[in-house]
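Source file: target_8.tsv (TSV, N, CA and C atoms)
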chain	number	residue	atom	x	y	z
X	81	MET	N	88.21	122.69	59.45
X	81	MET	CA	88.54	123.56	60.55
X	81	MET	C	87.53	123.39	61.68
X	82	LYS	N	86.27	123.14	61.31
X	82	LYS	CA	85.25	122.94	62.33
X	82	LYS	C	85.58	121.74	63.20
X	83	ARG	N	86.13	120.70	62.58
X	83	ARG	CA	86.46	119.49	63.35
X	83	ARG	C	87.60	119.74	64.32
X	84	ILE	N	88.55	120.60	63.93
X	84	ILE	CA	89.65	120.92	64.84
X	84	ILE	C	89.08	121.63	66.06
X	85	VAL	N	88.18	122.56	65.83
X	85	VAL	CA	87.55	123.26	66.94
X	85	VAL	C	86.78	122.26	67.80
X	86	LEU	N	86.11	121.30	67.15
X	86	LEU	CA	85.36	120.29	67.90
X	86	LEU	C	86.29	119.46	68.78
X	87	ILE	N	87.41	119.01	68.24
X	87	ILE	CA	88.30	118.18	69.05
X	87	ILE	C	88.88	118.97	70.21
X	88	LEU	N	89.18	120.22	69.96
X	88	LEU	CA	89.68	121.05	71.06
X	88	LEU	C	88.60	121.23	72.11
X	89	LEU	N	87.37	121.45	71.68
X	89	LEU	CA	86.26	121.61	72.60
X	89	LEU	C	86.03	120.32	73.39
X	90	VAL	N	86.07	119.19	72.70
X	90	VAL	CA	85.88	117.91	73.39
X	90	VAL	C	86.98	117.70	74.42
X	91	ALA	N	88.21	118.03	74.05
X	91	ALA	CA	89.31	117.88	75.00
X	91	ALA	C	89.10	118.77	76.22
X	92	PHE	N	88.63	119.99	76.00
X	92	PHE	CA	88.38	120.89	77.13
X	92	PHE	C	87.23	120.38	78.00
X	93	LEU	N	86.24	119.75	77.38
X	93	LEU	CA	85.10	119.26	78.14
X	93	LEU	C	85.42	118.01	78.95
X	94	PHE	N	86.42	117.23	78.51
X	94	PHE	CA	86.79	116.03	79.23
X	94	PHE	C	87.21	116.34	80.66
X	95	GLN	N	87.79	117.49	80.82
X	95	GLN	CA	88.32	117.84	82.13
X	95	GLN	C	88.02	119.31	82.40
X	96	SER	N	86.96	119.60	83.11
X	96	SER	CA	86.62	121.00	83.37
X	96	SER	C	87.53	121.61	84.43
X	97	CYS	N	87.97	120.82	85.37
X	97	CYS	CA	88.92	121.29	86.37
X	97	CYS	C	90.23	120.57	86.15
X	98	SER	N	91.31	121.31	86.24
X	98	SER	CA	92.60	120.75	85.93
X	98	SER	C	93.55	120.86	87.09
X	99	GLU	N	94.33	119.80	87.33
X	99	GLU	CA	95.35	119.85	88.37
X	99	GLU	C	96.44	120.83	87.97
X	100	ASN	N	96.80	120.83	86.70
X	100	ASN	CA	97.88	121.67	86.20
X	100	ASN	C	97.47	123.13	86.20
X	101	ASP	N	96.22	123.42	85.90
X	101	ASP	CA	95.67	124.77	85.86
X	101	ASP	C	96.41	125.68	84.88
X	102	GLY	N	96.96	125.10	83.82
X	102	GLY	CA	97.60	125.89	82.78
X	102	GLY	C	98.93	126.49	83.17
X	103	LYS	N	99.58	125.98	84.20
X	103	LYS	CA	100.84	126.56	84.66
X	103	LYS	C	102.02	126.19	83.75
X	104	ARG	N	101.97	125.07	83.08
X	104	ARG	CA	103.01	124.65	82.15
X	104	ARG	C	102.41	123.63	81.20
X	105	PRO	N	102.95	123.55	80.00
X	105	PRO	CA	102.39	122.55	79.07
X	105	PRO	C	102.81	121.14	79.49
X	106	GLU	N	101.89	120.21	79.40
X	106	GLU	CA	102.19	118.82	79.75
X	106	GLU	C	102.77	118.05	78.57
X	107	ILE	N	102.58	118.56	77.38
X	107	ILE	CA	103.09	117.91	76.17
X	107	ILE	C	104.23	118.75	75.65
X	108	LYS	N	105.34	118.11	75.36
X	108	LYS	CA	106.50	118.83	74.82
X	108	LYS	C	106.17	119.41	73.45
X	109	LYS	N	106.83	120.51	73.13
X	109	LYS	CA	106.53	121.24	71.89
X	109	LYS	C	106.63	120.36	70.64
X	110	ASP	N	107.72	119.63	70.51
X	110	ASP	CA	107.90	118.79	69.32
X	110	ASP	C	106.80	117.75	69.19
X	111	GLN	N	106.40	117.17	70.32
X	111	GLN	CA	105.34	116.17	70.30
X	111	GLN	C	104.00	116.83	69.95
X	112	LEU	N	103.76	118.03	70.48
X	112	LEU	CA	102.51	118.72	70.17
X	112	LEU	C	102.44	119.10	68.70
X	113	VAL	N	103.57	119.47	68.11
X	113	VAL	CA	103.59	119.75	66.67
X	113	VAL	C	103.14	118.50	65.90
X	114	ASP	N	103.67	117.35	66.29
X	114	ASP	CA	103.29	116.09	65.64
X	114	ASP	C	101.80	115.77	65.84
X	115	VAL	N	101.30	116.02	67.04
X	115	VAL	CA	99.88	115.76	67.32
X	115	VAL	C	99.00	116.67	66.48
X	116	LEU	N	99.31	117.95	66.45
X	116	LEU	CA	98.50	118.89	65.67
X	116	LEU	C	98.59	118.59	64.18
X	117	PHE	N	99.75	118.17	63.72
X	117	PHE	CA	99.92	117.75	62.33
X	117	PHE	C	98.97	116.57	62.03
X	118	ASP	N	98.98	115.57	62.89
X	118	ASP	CA	98.11	114.41	62.69
X	118	ASP	C	96.63	114.78	62.81
X	119	ILE	N	96.31	115.73	63.66
X	119	ILE	CA	94.92	116.20	63.76
X	119	ILE	C	94.49	116.84	62.44
X	120	HIS	N	95.37	117.61	61.84
X	120	HIS	CA	95.05	118.22	60.54
X	120	HIS	C	94.87	117.16	59.46
X	121	LEU	N	95.74	116.15	59.45
X	121	LEU	CA	95.59	115.08	58.46
X	121	LEU	C	94.28	114.32	58.68
X	122	THR	N	93.94	114.08	59.93
X	122	THR	CA	92.69	113.40	60.26
X	122	THR	C	91.51	114.25	59.82
X	123	ASP	N	91.59	115.54	60.07
X	123	ASP	CA	90.53	116.46	59.66
X	123	ASP	C	90.35	116.44	58.14
X	124	ALA	N	91.46	116.46	57.41
X	124	ALA	CA	91.40	116.42	55.95
X	124	ALA	C	90.75	115.11	55.47
X	125	TYR	N	91.16	114.00	56.08
X	125	TYR	CA	90.59	112.71	55.72
X	125	TYR	C	89.08	112.68	55.98
X	126	LEU	N	88.68	113.14	57.15
X	126	LEU	CA	87.26	113.13	57.49
X	126	LEU	C	86.45	114.02	56.56
X	127	ASN	N	86.99	115.18	56.22
X	127	ASN	CA	86.31	116.07	55.27
X	127	ASN	C	86.20	115.43	53.91
X	128	TYR	N	87.31	114.87	53.43
X	128	TYR	CA	87.34	114.23	52.12
X	128	TYR	C	86.38	113.04	52.06
X	129	SER	N	86.29	112.31	53.16
X	129	SER	CA	85.44	111.11	53.20
X	129	SER	C	83.97	111.43	53.41
X	130	GLY	N	83.66	112.68	53.67
X	130	GLY	CA	82.27	113.08	53.80
X	130	GLY	C	81.65	112.84	55.17
X	131	TYR	N	82.47	112.62	56.18
X	131	TYR	CA	81.93	112.45	57.52
X	131	TYR	C	81.33	113.76	58.00
X	132	ARG	N	80.17	113.65	58.63
X	132	ARG	CA	79.49	114.84	59.16
X	132	ARG	C	79.25	114.64	60.64
X	133	ILE	N	79.50	115.68	61.39
X	133	ILE	CA	79.39	115.62	62.85
X	133	ILE	C	77.99	115.23	63.29
X	134	ASP	N	76.97	115.64	62.55
X	134	ASP	CA	75.60	115.34	62.94
X	134	ASP	C	75.24	113.87	62.71
X	135	ARG	N	75.99	113.17	61.86
X	135	ARG	CA	75.69	111.77	61.57
X	135	ARG	C	76.77	110.79	62.04
X	136	ASN	N	77.97	111.27	62.19
X	136	ASN	CA	79.10	110.37	62.44
X	136	ASN	C	79.92	110.76	63.66
X	137	ARG	N	79.28	111.30	64.66
X	137	ARG	CA	79.98	111.81	65.85
X	137	ARG	C	80.92	110.75	66.46
X	138	ASP	N	80.43	109.52	66.62
X	138	ASP	CA	81.25	108.48	67.25
X	138	ASP	C	82.51	108.18	66.44
X	139	LYS	N	82.36	108.07	65.12
X	139	LYS	CA	83.52	107.79	64.27
X	139	LYS	C	84.51	108.95	64.28
X	140	ILE	N	84.00	110.15	64.28
X	140	ILE	CA	84.86	111.33	64.29
X	140	ILE	C	85.62	111.42	65.61
X	141	GLU	N	84.92	111.25	66.72
X	141	GLU	CA	85.59	111.29	68.03
X	141	GLU	C	86.61	110.16	68.14
X	142	SER	N	86.29	109.01	67.59
X	142	SER	CA	87.20	107.88	67.60
X	142	SER	C	88.47	108.20	66.80
X	143	ALA	N	88.30	108.85	65.66
X	143	ALA	CA	89.45	109.19	64.82
X	143	ALA	C	90.40	110.13	65.56
X	144	TYR	N	89.84	111.13	66.22
X	144	TYR	CA	90.69	112.07	66.97
X	144	TYR	C	91.26	111.40	68.22
X	145	GLY	N	90.50	110.52	68.82
X	145	GLY	CA	91.00	109.77	69.96
X	145	GLY	C	92.18	108.90	69.56
X	146	TYR	N	92.12	108.35	68.36
X	146	TYR	CA	93.22	107.54	67.84
X	146	TYR	C	94.51	108.37	67.75
X	147	VAL	N	94.38	109.63	67.32
X	147	VAL	CA	95.54	110.51	67.22
X	147	VAL	C	96.20	110.67	68.59
X	148	LEU	N	95.38	110.92	69.60
X	148	LEU	CA	95.93	111.08	70.95
X	148	LEU	C	96.58	109.77	71.42
X	149	ASP	N	95.89	108.65	71.18
X	149	ASP	CA	96.45	107.35	71.56
X	149	ASP	C	97.77	107.07	70.85
X	150	LYS	N	97.83	107.39	69.58
X	150	LYS	CA	99.04	107.18	68.78
X	150	LYS	C	100.25	107.87	69.41
X	151	HIS	N	100.00	109.02	70.01
X	151	HIS	CA	101.09	109.80	70.61
X	151	HIS	C	101.19	109.60	72.12
X	152	ASN	N	100.44	108.62	72.63
X	152	ASN	CA	100.44	108.33	74.07
X	152	ASN	C	100.09	109.56	74.91
X	153	ILE	N	99.04	110.22	74.49
X	153	ILE	CA	98.58	111.42	75.18
X	153	ILE	C	97.14	111.19	75.63
X	154	THR	N	96.84	111.57	76.85
X	154	THR	CA	95.47	111.47	77.34
X	154	THR	C	94.72	112.75	76.97
X	155	PRO	N	93.40	112.68	76.91
X	155	PRO	CA	92.63	113.91	76.69
X	155	PRO	C	92.94	114.98	77.75
X	156	LYS	N	93.19	114.53	78.98
X	156	LYS	CA	93.50	115.49	80.05
X	156	LYS	C	94.81	116.21	79.77
X	157	GLN	N	95.83	115.48	79.33
X	157	GLN	CA	97.10	116.12	78.99
X	157	GLN	C	96.93	117.11	77.84
X	158	PHE	N	96.16	116.71	76.85
X	158	PHE	CA	95.91	117.59	75.71
X	158	PHE	C	95.19	118.85	76.18
X	159	HIS	N	94.17	118.65	77.00
X	159	HIS	CA	93.41	119.77	77.54
X	159	HIS	C	94.32	120.73	78.31
X	160	ASN	N	95.12	120.19	79.21
X	160	ASN	CA	96.00	121.03	80.03
X	160	ASN	C	97.01	121.79	79.18
X	161	THR	N	97.52	121.12	78.17
X	161	THR	CA	98.49	121.77	77.29
X	161	THR	C	97.82	122.89	76.50
X	162	MET	N	96.64	122.62	75.97
X	162	MET	CA	95.94	123.66	75.21
X	162	MET	C	95.52	124.81	76.13
X	163	LYS	N	95.21	124.50	77.36
X	163	LYS	CA	94.87	125.54	78.34
X	163	LYS	C	96.09	126.44	78.58
X	164	TYR	N	97.25	125.81	78.71
X	164	TYR	CA	98.48	126.58	78.89
X	164	TYR	C	98.68	127.53	77.70
X	165	TYR	N	98.58	126.99	76.50
X	165	TYR	CA	98.83	127.80	75.31
X	165	TYR	C	97.75	128.86	75.08
X	166	SER	N	96.57	128.63	75.61
X	166	SER	CA	95.53	129.67	75.49
X	166	SER	C	95.90	130.91	76.29
X	167	LYS	N	96.80	130.74	77.25
X	167	LYS	CA	97.27	131.87	78.06
X	167	LYS	C	98.65	132.36	77.60
X	168	HIS	N	99.23	131.66	76.64
X	168	HIS	CA	100.56	132.01	76.13
X	168	HIS	C	100.49	131.98	74.59
X	169	ILE	N	99.72	132.89	74.06
X	169	ILE	CA	99.40	132.90	72.63
X	169	ILE	C	100.65	133.05	71.75
X	170	SER	N	101.59	133.88	72.15
X	170	SER	CA	102.77	134.07	71.30
X	170	SER	C	103.57	132.78	71.19
X	171	GLU	N	103.65	132.01	72.26
X	171	GLU	CA	104.32	130.70	72.21
X	171	GLU	C	103.57	129.74	71.29
X	172	TYR	N	102.24	129.78	71.41
X	172	TYR	CA	101.43	128.89	70.58
X	172	TYR	C	101.56	129.26	69.11
X	173	GLU	N	101.63	130.54	68.83
X	173	GLU	CA	101.77	130.98	67.45
X	173	GLU	C	103.07	130.46	66.84
X	174	LYS	N	104.15	130.53	67.59
X	174	LYS	CA	105.44	130.00	67.12
X	174	LYS	C	105.35	128.49	66.89
X	175	LEU	N	104.74	127.80	67.82
X	175	LEU	CA	104.57	126.36	67.71
X	175	LEU	C	103.72	126.02	66.48
X	176	TYR	N	102.64	126.76	66.28
X	176	TYR	CA	101.73	126.47	65.19
X	176	TYR	C	102.37	126.76	63.84
X	177	ASN	N	103.29	127.71	63.81
X	177	ASN	CA	104.03	127.95	62.57
X	177	ASN	C	104.82	126.71	62.16
X	178	LYS	N	105.31	125.96	63.13
X	178	LYS	CA	106.02	124.70	62.85
X	178	LYS	C	105.05	123.68	62.27
X	179	VAL	N	103.82	123.67	62.78
X	179	VAL	CA	102.80	122.76	62.24
X	179	VAL	C	102.53	123.11	60.78
X	180	ILE	N	102.38	124.39	60.51
X	180	ILE	CA	102.12	124.84	59.13
X	180	ILE	C	103.29	124.47	58.22
X	181	GLU	N	104.52	124.66	58.69
X	181	GLU	CA	105.69	124.28	57.90
X	181	GLU	C	105.67	122.78	57.58
X	182	LYS	N	105.34	121.99	58.58
X	182	LYS	CA	105.31	120.54	58.40
X	182	LYS	C	104.21	120.14	57.42
X	183	LEU	N	103.04	120.77	57.52
X	183	LEU	CA	101.95	120.48	56.60
X	183	LEU	C	102.31	120.89	55.17
X	184	THR	N	102.97	122.03	55.03
X	184	THR	CA	103.38	122.50	53.71
X	184	THR	C	104.39	121.55	53.09
X	185	LYS	N	105.34	121.10	53.88
X	185	LYS	CA	106.33	120.14	53.39
X	185	LYS	C	105.66	118.84	52.97
X	186	TYR	N	104.73	118.38	53.77
X	186	TYR	CA	103.99	117.15	53.46
X	186	TYR	C	103.21	117.32	52.15
X	187	GLU	N	102.54	118.43	52.01
X	187	GLU	CA	101.76	118.69	50.80
X	187	GLU	C	102.67	118.70	49.57
X	188	THR	N	103.82	119.35	49.69
X	188	THR	CA	104.77	119.40	48.58
X	188	THR	C	105.23	118.01	48.19
X	189	GLU	N	105.54	117.18	49.19
X	189	GLU	CA	105.97	115.80	48.92
X	189	GLU	C	104.85	115.00	48.25
X	190	MET	N	103.63	115.21	48.67
X	190	MET	CA	102.51	114.49	48.08
X	190	MET	C	102.28	114.94	46.63
X	191	MET	N	102.45	116.22	46.38
X	191	MET	CA	102.28	116.73	45.02
X	191	MET	C	103.36	116.16	44.11
X	192	LYS	N	104.60	116.12	44.59
X	192	LYS	CA	105.69	115.54	43.79
X	192	LYS	C	105.43	114.06	43.52
X	193	ALA	N	104.99	113.35	44.53
X	193	ALA	CA	104.69	111.92	44.35
X	193	ALA	C	103.57	111.73	43.35
X	194	SER	N	102.58	112.59	43.42
X	194	SER	CA	101.44	112.51	42.51
X	194	SER	C	101.88	112.77	41.07
X	195	GLU	N	102.74	113.76	40.90
X	195	GLU	CA	103.22	114.09	39.55
X	195	GLU	C	104.08	112.97	38.98
X	196	SER	N	104.93	112.39	39.80
X	196	SER	CA	105.82	111.34	39.29
X	196	SER	C	105.09	110.02	39.04
X	197	ASP	N	104.11	109.72	39.85
X	197	ASP	CA	103.34	108.49	39.68
X	197	ASP	C	102.18	108.67	38.71
X	198	ASN	N	101.74	109.93	38.59
X	198	ASN	CA	100.58	110.27	37.76
X	198	ASN	C	99.33	109.53	38.21
X	199	SER	N	99.31	109.16	39.50
X	199	SER	CA	98.15	108.48	40.06
X	199	SER	C	98.13	108.71	41.57
X	200	THR	N	97.03	109.24	42.09
X	200	THR	CA	96.92	109.47	43.52
X	200	THR	C	96.71	108.17	44.29
X	201	ASP	N	96.38	107.08	43.59
X	201	ASP	CA	96.17	105.80	44.26
X	201	ASP	C	97.48	105.23	44.79
X	202	LYS	N	98.61	105.63	44.21
X	202	LYS	CA	99.90	105.08	44.60
X	202	LYS	C	100.60	105.90	45.67
X	203	ILE	N	100.02	107.02	46.06
X	203	ILE	CA	100.67	107.89	47.05
X	203	ILE	C	100.61	107.24	48.42
X	204	GLN	N	101.76	107.22	49.07
X	204	GLN	CA	101.83	106.70	50.43
X	204	GLN	C	102.42	107.77	51.31
X	205	ARG	N	102.03	107.78	52.55
X	205	ARG	CA	102.56	108.74	53.50
X	205	ARG	C	104.03	108.43	53.75
X	206	PRO	N	104.88	109.46	53.68
X	206	PRO	CA	106.29	109.24	53.99
X	206	PRO	C	106.46	108.76	55.42
X	207	SER	N	107.51	107.98	55.65
X	207	SER	CA	107.71	107.42	56.99
X	207	SER	C	108.04	108.48	58.00
X	208	LYS	N	108.74	109.54	57.60
X	208	LYS	CA	109.11	110.59	58.55
X	208	LYS	C	109.18	111.90	57.79
X	209	ILE	N	108.55	112.90	58.37
X	209	ILE	CA	108.60	114.24	57.82
X	209	ILE	C	109.22	115.12	58.88
X	210	GLY	N	110.31	115.78	58.57
X	210	GLY	CA	111.04	116.61	59.53
X	210	GLY	C	110.40	117.89	59.70
Go through the file and emit its structure as structure tokens.
Amino acid sequence: MKRIVLILLVAFLFQSCSENDGKRPEIKKDQLVDVLFDIHLTDAYLNYSGYRIDRNRDKIESAYGYVLDKHNITPKQFHNTMKYYSKHISEYEKLYNKVIEKLTKYETEMMKASESDNSTDKIQRPSKIG
């Protein structure tokens, strides 16, 4: 969770002044759900791998930067979108519930795969999670 706060903080620091000024989100809701889902997976991987912010800052920032690049989002777009949602909490809460649903579905699929394979080494990420 600390890393999620860090990435949000880094995104906010990239652009202290914004052209959008939080008037509308620059990232569509469905895409933001996917981005936040991938941020959570990245966070889990970094925690599991033992990365620490005090020793691995560059690798951690690179991992989160990769998530933004994967979705063709700039730090500025992410910042502006998060700024918008910071002023529209009820909308963000609804959106985040979708992230939680997606994470729960993913976890369930991974648990089923683990039980059927009886080995976590064989688990692969599904190609698409609805």
What separates CA of Asp114 in chain X and CA of Val179 in chain X is a distance of 7.5 Å
Go through X:His159, X:His151, X:Lys109, X:Lys139 one by one, measure the shortest atom-to-atom distance of each to Lys174 in chain X using only C-alpha atoms, and give the residue with the smallest value. X:Lys109
Which of these residues is nearest to Asp123 in chain X, using only C-alpha atoms: X:Ile169, X:Asp138, X:Glu106, X:Val147?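 Of X:Ile169, X:Asp138, X:Glu106, X:Val147, the one nearest Asp123 in chain X, counting only C-alpha atoms, is X:Val147.
Between CA of Asn160 in chain X and CA of Ile107 in chain X lies a distance of 8.7 Å.
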Considering all atoms listed in the file, state which residue in the set X:Ile180, X:Glu141, X:Met190, X:Met162 is at the smallest distance from Leu116 in chain X.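 With all atoms listed in the file as the atom set, the closest residue is X:Ile180.
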Find the distance between atom C of Ala143 in chain X and atom N of Ile119 in chain X and write it in Å to one decimal.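 Interatomic distance here is 8.4 Å.
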Centre, x/y/z edge lengths, axis-aligned box for range 152-171 of chain X with 8 Å per side, as JSON:
{"center_x": 98.5, "center_y": 121.2, "center_z": 75.6, "size_x": 27.7, "size_y": 41.7, "size_z": 24.9}
Compute the distance from (100.8, 124.1, 73.2) to each atom, counting only N, CA and C atoms, keep the residues with any atom at most 7 Å away, and return them as a list of chain:residue names; use the coordinates of the file.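 Checked against the point, the hits come out as X:Pro105, X:Ile107, X:Lys109, X:Leu112, X:Thr161, X:Met162, X:Lys163, X:Tyr164, X:Tyr165, X:Ser166, X:Glu171, X:Tyr172.
With distances restricted to all atoms listed in the file, X:Val115 is the closest residue to Leu148 in chain X from X:Lys192, X:Val115, X:Arg104, X:Asp110.
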Taking only C-alpha atoms into account, which of X:Ser129, X:Lys156, X:Thr122, X:Asp197 comes nearest Ser142 in chain X? X:Thr122
Could you complete range 109-127 of chain X so that it carries N, CA, C and O atoms, and give it back as a tab-separated table (two decimals), in the frame of the given file?
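Everything below was put into result09.tsv:
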chain	number	residue	atom	x	y	z
X	109	LYS	N	106.83	120.51	73.13
X	109	LYS	CA	106.53	121.24	71.89
X	109	LYS	C	106.63	120.36	70.64
X	109	LYS	O	105.74	120.39	69.79
X	110	ASP	N	107.72	119.63	70.51
X	110	ASP	CA	107.90	118.79	69.32
X	110	ASP	C	106.80	117.75	69.19
X	110	ASP	O	106.31	117.48	68.10
X	111	GLN	N	106.40	117.17	70.32
X	111	GLN	CA	105.34	116.17	70.30
X	111	GLN	C	104.00	116.83	69.95
X	111	GLN	O	103.21	116.28	69.19
X	112	LEU	N	103.76	118.03	70.48
X	112	LEU	CA	102.51	118.72	70.17
X	112	LEU	C	102.44	119.10	68.70
X	112	LEU	O	101.37	119.02	68.09
X	113	VAL	N	103.57	119.47	68.11
X	113	VAL	CA	103.59	119.75	66.67
X	113	VAL	C	103.14	118.50	65.90
X	113	VAL	O	102.31	118.58	65.00
X	114	ASP	N	103.67	117.35	66.29
X	114	ASP	CA	103.29	116.09	65.64
X	114	ASP	C	101.80	115.77	65.84
X	114	ASP	O	101.12	115.32	64.92
X	115	VAL	N	101.30	116.02	67.04
X	115	VAL	CA	99.88	115.76	67.32
X	115	VAL	C	99.00	116.67	66.48
X	115	VAL	O	98.04	116.20	65.85
X	116	LEU	N	99.31	117.95	66.45
X	116	LEU	CA	98.50	118.89	65.67
X	116	LEU	C	98.59	118.59	64.18
X	116	LEU	O	97.60	118.72	63.45
X	117	PHE	N	99.75	118.17	63.72
X	117	PHE	CA	99.92	117.75	62.33
X	117	PHE	C	98.97	116.57	62.03
X	117	PHE	O	98.22	116.60	61.05
X	118	ASP	N	98.98	115.57	62.89
X	118	ASP	CA	98.11	114.41	62.69
X	118	ASP	C	96.63	114.78	62.81
X	118	ASP	O	95.79	114.21	62.11
X	119	ILE	N	96.31	115.73	63.66
X	119	ILE	CA	94.92	116.20	63.76
X	119	ILE	C	94.49	116.84	62.44
X	119	ILE	O	93.38	116.59	61.96
X	120	HIS	N	95.37	117.61	61.84
X	120	HIS	CA	95.05	118.22	60.54
X	120	HIS	C	94.87	117.16	59.46
X	120	HIS	O	93.95	117.25	58.65
X	121	LEU	N	95.74	116.15	59.45
X	121	LEU	CA	95.59	115.08	58.46
X	121	LEU	C	94.28	114.32	58.68
X	121	LEU	O	93.58	113.98	57.72
X	122	THR	N	93.94	114.08	59.93
X	122	THR	CA	92.69	113.40	60.26
X	122	THR	C	91.51	114.25	59.82
X	122	THR	O	90.54	113.74	59.24
X	123	ASP	N	91.59	115.54	60.07
X	123	ASP	CA	90.53	116.46	59.66
X	123	ASP	C	90.35	116.44	58.14
X	123	ASP	O	89.23	116.37	57.65
X	124	ALA	N	91.46	116.46	57.41
X	124	ALA	CA	91.40	116.42	55.95
X	124	ALA	C	90.75	115.11	55.47
X	124	ALA	O	89.90	115.11	54.58
X	125	TYR	N	91.16	114.00	56.08
X	125	TYR	CA	90.59	112.71	55.72
X	125	TYR	C	89.08	112.68	55.98
X	125	TYR	O	88.30	112.23	55.13
X	126	LEU	N	88.68	113.14	57.15
X	126	LEU	CA	87.26	113.13	57.49
X	126	LEU	C	86.45	114.02	56.56
X	126	LEU	O	85.35	113.65	56.14
X	127	ASN	N	86.99	115.18	56.22
X	127	ASN	CA	86.31	116.07	55.27
X	127	ASN	C	86.20	115.43	53.91
X	127	ASN	O	85.14	115.45	53.27
